[in-house]
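Enquirer: Encoded as structure tokens, here's the structure I'll be asking about.
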Number of protein chains: 2
Amino acid sequence: MSFSEKILQGDIRSAARLMRDIDDGRASATEELKKLYPHTGRAYIIGITGPPGAGKSTLTDKLIEAWRQKGKTVAVIAVDPTSPFTGGAILGDRIRMNRHASDPGVFIRSLATRGHLGGLSGSTNDIASVFDAMGWEIILIETVGVGQDEVEIVRTAHTSLVVTVPGLGDDIQAIKAGILEIGDIFVVNKADRPDADRAVRDLQTMIEMGNHGDWMAPVVKTVAQKYDGIPELMDKIEAHREFLCHPGRLAHFEENKSALRFTELLRQRLFLQVHEKISQGDRLARTVQAIARRELDPYTAVEEILKEHLEGGG
Amino acid sequence: MSFSEKILQGDIRSAARLMRDIDDGRASATEELKKLYPHTGRAYIIGITGPPGAGKSTLTDKLIEAWRQKGKTVAVIAVDPTSPFTGGAILGDRIRMNRHASDPGVFIRSLATRGHLGGLSGSTNDIASVFDAMGWEIILIETVGVGQDEVEIVRTAHTSLVVTVPGLGDDIQAIKAGILEIGDIFVVNKADRPDADRAVRDLQTMIEMGNHGDWMAPVVKTVAQKYDGIPELMDKIEAHREFLCHPGRLAHFEENKSALRFTELLRQRLFLQVHEKISQGDRLARTVQAIARRELDPYTAVEEILKEHLEGGG
């Protein structure tokens, strides 16, 4: 039986190996992904993002519990803020979720943020595709941070949760605005803290004033630690799923997602191929030295490379 | 007098226009940047990053004040977490810095995070180059958030400050680890809060255990609001500058920075040129639809494009 056939039959060990190959950027992984792709499109993908300290991991943990109670299988992709240099992972949050480790209906996979030359969202999508092809029903993608990578990742989820907490500073206000349009549901976690109702009102005001379409993002209060508000949050997720399961909307969503994925992959592969070519010999090193000495500007240097490597002279 | 000549003579109005053109991704901006590039390399560039709520903007404000007292001109590039969709900027922090608005020795420029197809760090570098060529002495780059973009931006600064605050949760621990290697100086701001000394000790332990080279990053306590610790922080910045001003180190730094910039620009321009070509006609739309319908996988689709557009078939 081939590698991808084993994965399609749900073999965890083969899936884990493919995910490692994806992480390592191996060319062989692409061949397997090609075979898996026709089997994707069945999982429901949920993105969870928000600022540090909002309690996203605890919330993820409780959502796993809630779906398990409904008999759904749940795969989690946790995008870790590891170093771009050493790749050292911090596992505190992951350990907390280990109570699901003995449950065969839960699979948690951490994704390092290092080394993804083509962008983190590409690798996250690839790994989500593996889970999807295997038949996992719910895929939770948890990202820490609020950068462009996170936004890209969350844009490919069916339902995006944006998690915040009451009583944070000015920057949080700005971030709330920054991710306002990507949230399908907003969660004010740690809602037993003072100012929770104010945080809810502020968010509601921003959502109402914002560029919402047919779906007006609800704001849900939770105290994830105590499971408070989790059933209400599950109801909202279900409501958004129903909203999305309208033929026109779903087709539009799938096309958007395909366009994002295709352009991302194109960007990555184009660069990798050309970079590999110019890394042979000392061309790249000489160019970089000339730029450092201000003998050559980087714009002209890049134009020369494009002329040489693009069909028809770029 | 040409546009770039005016900028080289310090004309603010022309510089602001070029920065808008950079933001808008205009081809004409590249031609001006080529002319400015040989005049760069004189400014001292400082990156300020850290999690939301750490008080980076207040710290930036006080550092401006400190350099102005030393008679230095200061340009600030504030990378705003605006929406990737609507581009709406939140100006709260910026307004606070407006007390420098009447000072001709201070120039504050906000950079939206939207629309930078080639990545935010490319545009930030371009704008820093404009300030540099104009003769601004200190360039402060402030980024909100802790994503990959922010890491890239801060890697191109001579001295990187990583700002944190006492008493944040688990995620912060992880983020501290993630940006440990990019910090030349760590700042524990709001150090009049409980647990400040513990935060300092934790950071020092992580730094000592980490992969430090000849420079061991110091940890400075500040209460930026009250100007507490700012003189000490200025001393540490000066010390790091002296450390870096060693011929071998500076050449190494400049080459690293040039390599980052060149590869970033290459990635961006390659994609833009190929994307523009395939966007003509309905090729792109048909490809995306086929991917959405699972009739074609994105990996094969990209390989076909590479074969067509790269010299020698990719």
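Ligands are numbered from 1 in the order shown, chains are lettered A, B, ... in the order of the structure tokens, and residues start at 1 in each chain.
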DSSP says strand (DSSP E or B) for which residues of segment 98-260 of chain A? Put them as a PyMOL selection string?

Expert: chain A and resi 106-112+138-143+145+159-164+185-188+219-221+223+228

Enquirer: Let me see the file: selected residues, N, CA and C atoms, as a compact mmCIF listing (two decimals), in the first residue's frame.

Expert:
```txt
# COMPACT_ATOMS: atom_id res chain seq x y z
N VAL A 106 -8.69 12.54 19.15
CA VAL A 106 -8.04 13.86 19.21
C VAL A 106 -6.60 13.72 18.73
N PHE A 107 -6.18 14.63 17.88
CA PHE A 107 -4.80 14.62 17.36
C PHE A 107 -4.31 16.06 17.44
N ILE A 108 -3.25 16.30 18.22
CA ILE A 108 -2.71 17.66 18.35
C ILE A 108 -1.34 17.72 17.70
N ARG A 109 -1.19 18.66 16.81
CA ARG A 109 0.07 18.80 16.08
C ARG A 109 0.56 20.24 16.22
N SER A 110 1.79 20.41 16.73
CA SER A 110 2.36 21.75 16.80
C SER A 110 3.14 22.04 15.53
N LEU A 111 3.07 23.26 15.11
CA LEU A 111 3.79 23.66 13.90
C LEU A 111 4.77 24.75 14.29
N ALA A 112 6.03 24.49 14.05
CA ALA A 112 7.03 25.52 14.36
C ALA A 112 6.90 26.67 13.37
N ILE A 138 -13.42 17.80 12.59
CA ILE A 138 -13.20 19.19 13.00
C ILE A 138 -11.69 19.44 13.01
N ILE A 139 -11.25 20.52 12.38
CA ILE A 139 -9.84 20.91 12.46
C ILE A 139 -9.77 22.29 13.10
N LEU A 140 -9.11 22.36 14.25
CA LEU A 140 -8.93 23.63 14.95
C LEU A 140 -7.53 24.15 14.67
N ILE A 141 -7.42 25.35 14.18
CA ILE A 141 -6.10 25.94 13.97
C ILE A 141 -5.94 27.09 14.95
N GLU A 142 -5.00 26.93 15.88
CA GLU A 142 -4.78 27.95 16.90
C GLU A 142 -3.50 28.70 16.60
N THR A 143 -3.57 30.02 16.47
CA THR A 143 -2.35 30.79 16.24
C THR A 143 -2.16 31.79 17.36
N GLY A 145 -0.53 35.30 18.50
CA GLY A 145 -0.02 36.51 17.87
C GLY A 145 -1.03 37.09 16.92
N THR A 159 -14.73 29.08 9.92
CA THR A 159 -15.20 29.96 10.99
C THR A 159 -13.99 30.43 11.79
N SER A 160 -13.85 31.74 11.94
CA SER A 160 -12.71 32.28 12.67
C SER A 160 -13.16 32.88 13.99
N LEU A 161 -12.53 32.42 15.07
CA LEU A 161 -12.80 32.98 16.38
C LEU A 161 -11.67 33.95 16.73
N VAL A 162 -12.03 35.14 17.15
CA VAL A 162 -11.04 36.08 17.64
C VAL A 162 -11.26 36.21 19.15
N VAL A 163 -10.23 35.88 19.91
CA VAL A 163 -10.35 35.82 21.37
C VAL A 163 -9.65 37.03 21.97
N THR A 164 -10.30 37.68 22.90
CA THR A 164 -9.67 38.77 23.61
C THR A 164 -10.02 38.66 25.09
N ILE A 185 -16.70 35.20 14.81
CA ILE A 185 -17.24 35.20 16.17
C ILE A 185 -16.16 35.80 17.07
N PHE A 186 -16.56 36.69 17.97
CA PHE A 186 -15.61 37.25 18.93
C PHE A 186 -15.87 36.64 20.30
N VAL A 187 -14.79 36.34 21.00
CA VAL A 187 -14.90 35.75 22.32
C VAL A 187 -14.21 36.68 23.31
N VAL A 188 -14.94 37.12 24.33
CA VAL A 188 -14.30 37.82 25.45
C VAL A 188 -14.10 36.76 26.52
N VAL A 219 -20.69 38.43 19.78
CA VAL A 219 -19.65 38.47 20.81
C VAL A 219 -20.11 37.56 21.95
N VAL A 220 -19.27 36.61 22.31
CA VAL A 220 -19.62 35.63 23.34
C VAL A 220 -18.68 35.79 24.53
N LYS A 221 -19.26 35.79 25.74
CA LYS A 221 -18.43 35.83 26.96
C LYS A 221 -18.14 34.40 27.42
N VAL A 223 -15.63 31.97 30.34
CA VAL A 223 -14.55 31.76 31.31
C VAL A 223 -14.10 30.33 31.02
N ASP A 228 -17.47 27.97 31.42
CA ASP A 228 -18.58 28.94 31.30
C ASP A 228 -18.63 29.51 29.88
```

Enquirer: Run DSSP on the backbone and grab whatever in segment 85-296 of chain A lands in alpha helix (DSSP H); send it over as a PyMOL selection string.

Expert: chain A and resi 92-96+120-134+148-155+170-178+196-209+230-244+247-279+283-292

Enquirer: Would you kindly return, as a compact mmCIF listing (two decimals) with N, CA and C atoms, in the first residue's frame, each protein, DNA or RNA residue with an atom no farther than 8 Å from any atom of Lys56 of chain A, considering only C-alpha atoms and excluding same-chain residues fewer than 4 positions away?

Expert:
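Done, and the output landed in selection_26.txt:
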```txt
# COMPACT_ATOMS: atom_id res chain seq x y z
N ILE A 48 -8.57 29.95 15.48
CA ILE A 48 -8.65 30.65 16.76
C ILE A 48 -7.44 31.55 16.86
N THR A 49 -7.67 32.85 16.96
CA THR A 49 -6.52 33.76 17.09
C THR A 49 -6.84 34.87 18.08
N GLY A 50 -5.88 35.69 18.37
CA GLY A 50 -6.06 36.76 19.35
C GLY A 50 -4.74 37.05 20.04
N THR A 60 -9.28 26.38 23.42
CA THR A 60 -9.14 25.27 22.47
C THR A 60 -9.40 23.94 23.18
N GLU A 142 -5.00 26.93 15.88
CA GLU A 142 -4.78 27.95 16.90
C GLU A 142 -3.50 28.70 16.60
N VAL A 144 -0.93 31.94 17.79
CA VAL A 144 -0.59 32.91 18.82
C VAL A 144 -0.05 34.13 18.10
N VAL A 163 -10.23 35.88 19.91
CA VAL A 163 -10.35 35.82 21.37
C VAL A 163 -9.65 37.03 21.97
```

Enquirer: Can you write out as CSV which residues of segment 249-290 of chain B fall within 9 Å of segment 241-244 of chain B, alongside each residue's closest atom pair and its distance in Å to one decimal, counting only C-alpha atoms and ordering rows by chain and ascending residue number?

Expert:
```
residue,atom,partner,partner_atom,distance
B:Arg249,CA,B:Leu244,CA,5.9
B:Leu250,CA,B:Leu244,CA,5.8
B:Phe253,CA,B:Leu244,CA,8.3
```

Enquirer: I'd like to know which of B:Asp282, B:Asp11, B:Glu264, B:Asp235 is closest to chain A, using only C-alpha atoms.

Expert: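 Among B:Asp282, B:Asp11, B:Glu264, B:Asp235, it is B:Glu264 that comes nearest to chain A.
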
Enquirer: Need the shell around Arg293 of chain A: protein/DNA/RNA residues with any atom at most 9 Å away, counting only C-alpha atoms. Skip same-chain ones fewer than 4 positions apart. Format as a PyMOL selection string?

Expert: (chain A and resi 288-289) or (chain B and resi 38+251+254-255)

Enquirer: Selected residues, N, CA and C atoms, written as an mmCIF file, in the first residue's frame, please.

Expert:
```cif
data_model
loop_
_atom_site.group_PDB
_atom_site.id
_atom_site.type_symbol
_atom_site.label_atom_id
_atom_site.label_comp_id
_atom_site.auth_asym_id
_atom_site.auth_seq_id
_atom_site.Cartn_x
_atom_site.Cartn_y
_atom_site.Cartn_z
ATOM 1 N N VAL A 288 25.293 40.337 -3.068
ATOM 2 C CA VAL A 288 25.029 40.818 -1.710
ATOM 3 C C VAL A 288 26.169 41.722 -1.227
ATOM 4 N N GLN A 289 27.393 41.362 -1.518
ATOM 5 C CA GLN A 289 28.527 42.195 -1.118
ATOM 6 C C GLN A 289 28.474 43.567 -1.782
ATOM 7 N N PRO B 38 22.661 54.871 -2.910
ATOM 8 C CA PRO B 38 24.084 55.116 -2.617
ATOM 9 C C PRO B 38 24.307 56.084 -1.450
ATOM 10 N N ALA B 251 30.721 45.068 9.005
ATOM 11 C CA ALA B 251 30.676 44.517 7.644
ATOM 12 C C ALA B 251 29.751 43.300 7.612
ATOM 13 N N GLU B 254 26.157 44.491 7.799
ATOM 14 C CA GLU B 254 25.714 45.087 6.527
ATOM 15 C C GLU B 254 25.463 44.014 5.469
ATOM 16 N N GLU B 255 26.291 42.974 5.457
ATOM 17 C CA GLU B 255 26.087 41.910 4.467
ATOM 18 C C GLU B 255 24.824 41.105 4.775
#
```

Enquirer: Considering only C-alpha atoms, state which residue in the set A:Leu180, A:Leu270, A:Ala239, A:Ala15 is at the smallest distance from Asn211 of chain A.

Expert: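 Among the listed residues, A:Leu180 lies closest to Asn211 of chain A.
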
Enquirer: Mind checking which residues fall within 9 Å of Arg269 of chain B, counting only C-alpha atoms, ignoring those fewer than 3 positions away in the same chain, and posting them as a list in words?

Expert: Val302, Glu303 and Leu306 of chain A; Gly118, Glu264, Leu265, Leu266, Leu272, Gln273 and Val274 of chain B

Enquirer: Using only C-alpha atoms, please write the residues we just selected to a file, as a short mmCIF file (atom, residue, chain, number, x, y, z; two decimals), in the first residue's frame.

Expert:
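Result went into part-v4.cif, see below:
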```cif
data_model
loop_
_atom_site.label_atom_id
_atom_site.label_comp_id
_atom_site.auth_asym_id
_atom_site.auth_seq_id
_atom_site.Cartn_x
_atom_site.Cartn_y
_atom_site.Cartn_z
CA VAL A 302 16.75 42.13 -8.61
CA GLU A 303 15.78 43.47 -12.02
CA LEU A 306 14.41 38.77 -13.31
CA GLY B 118 6.01 41.67 -0.94
CA GLU B 264 12.93 39.77 0.09
CA LEU B 265 12.83 42.04 -2.93
CA LEU B 266 13.50 39.10 -5.25
CA LEU B 272 4.40 40.32 -8.96
CA GLN B 273 5.69 39.86 -12.51
CA VAL B 274 4.43 36.32 -12.92
#
```
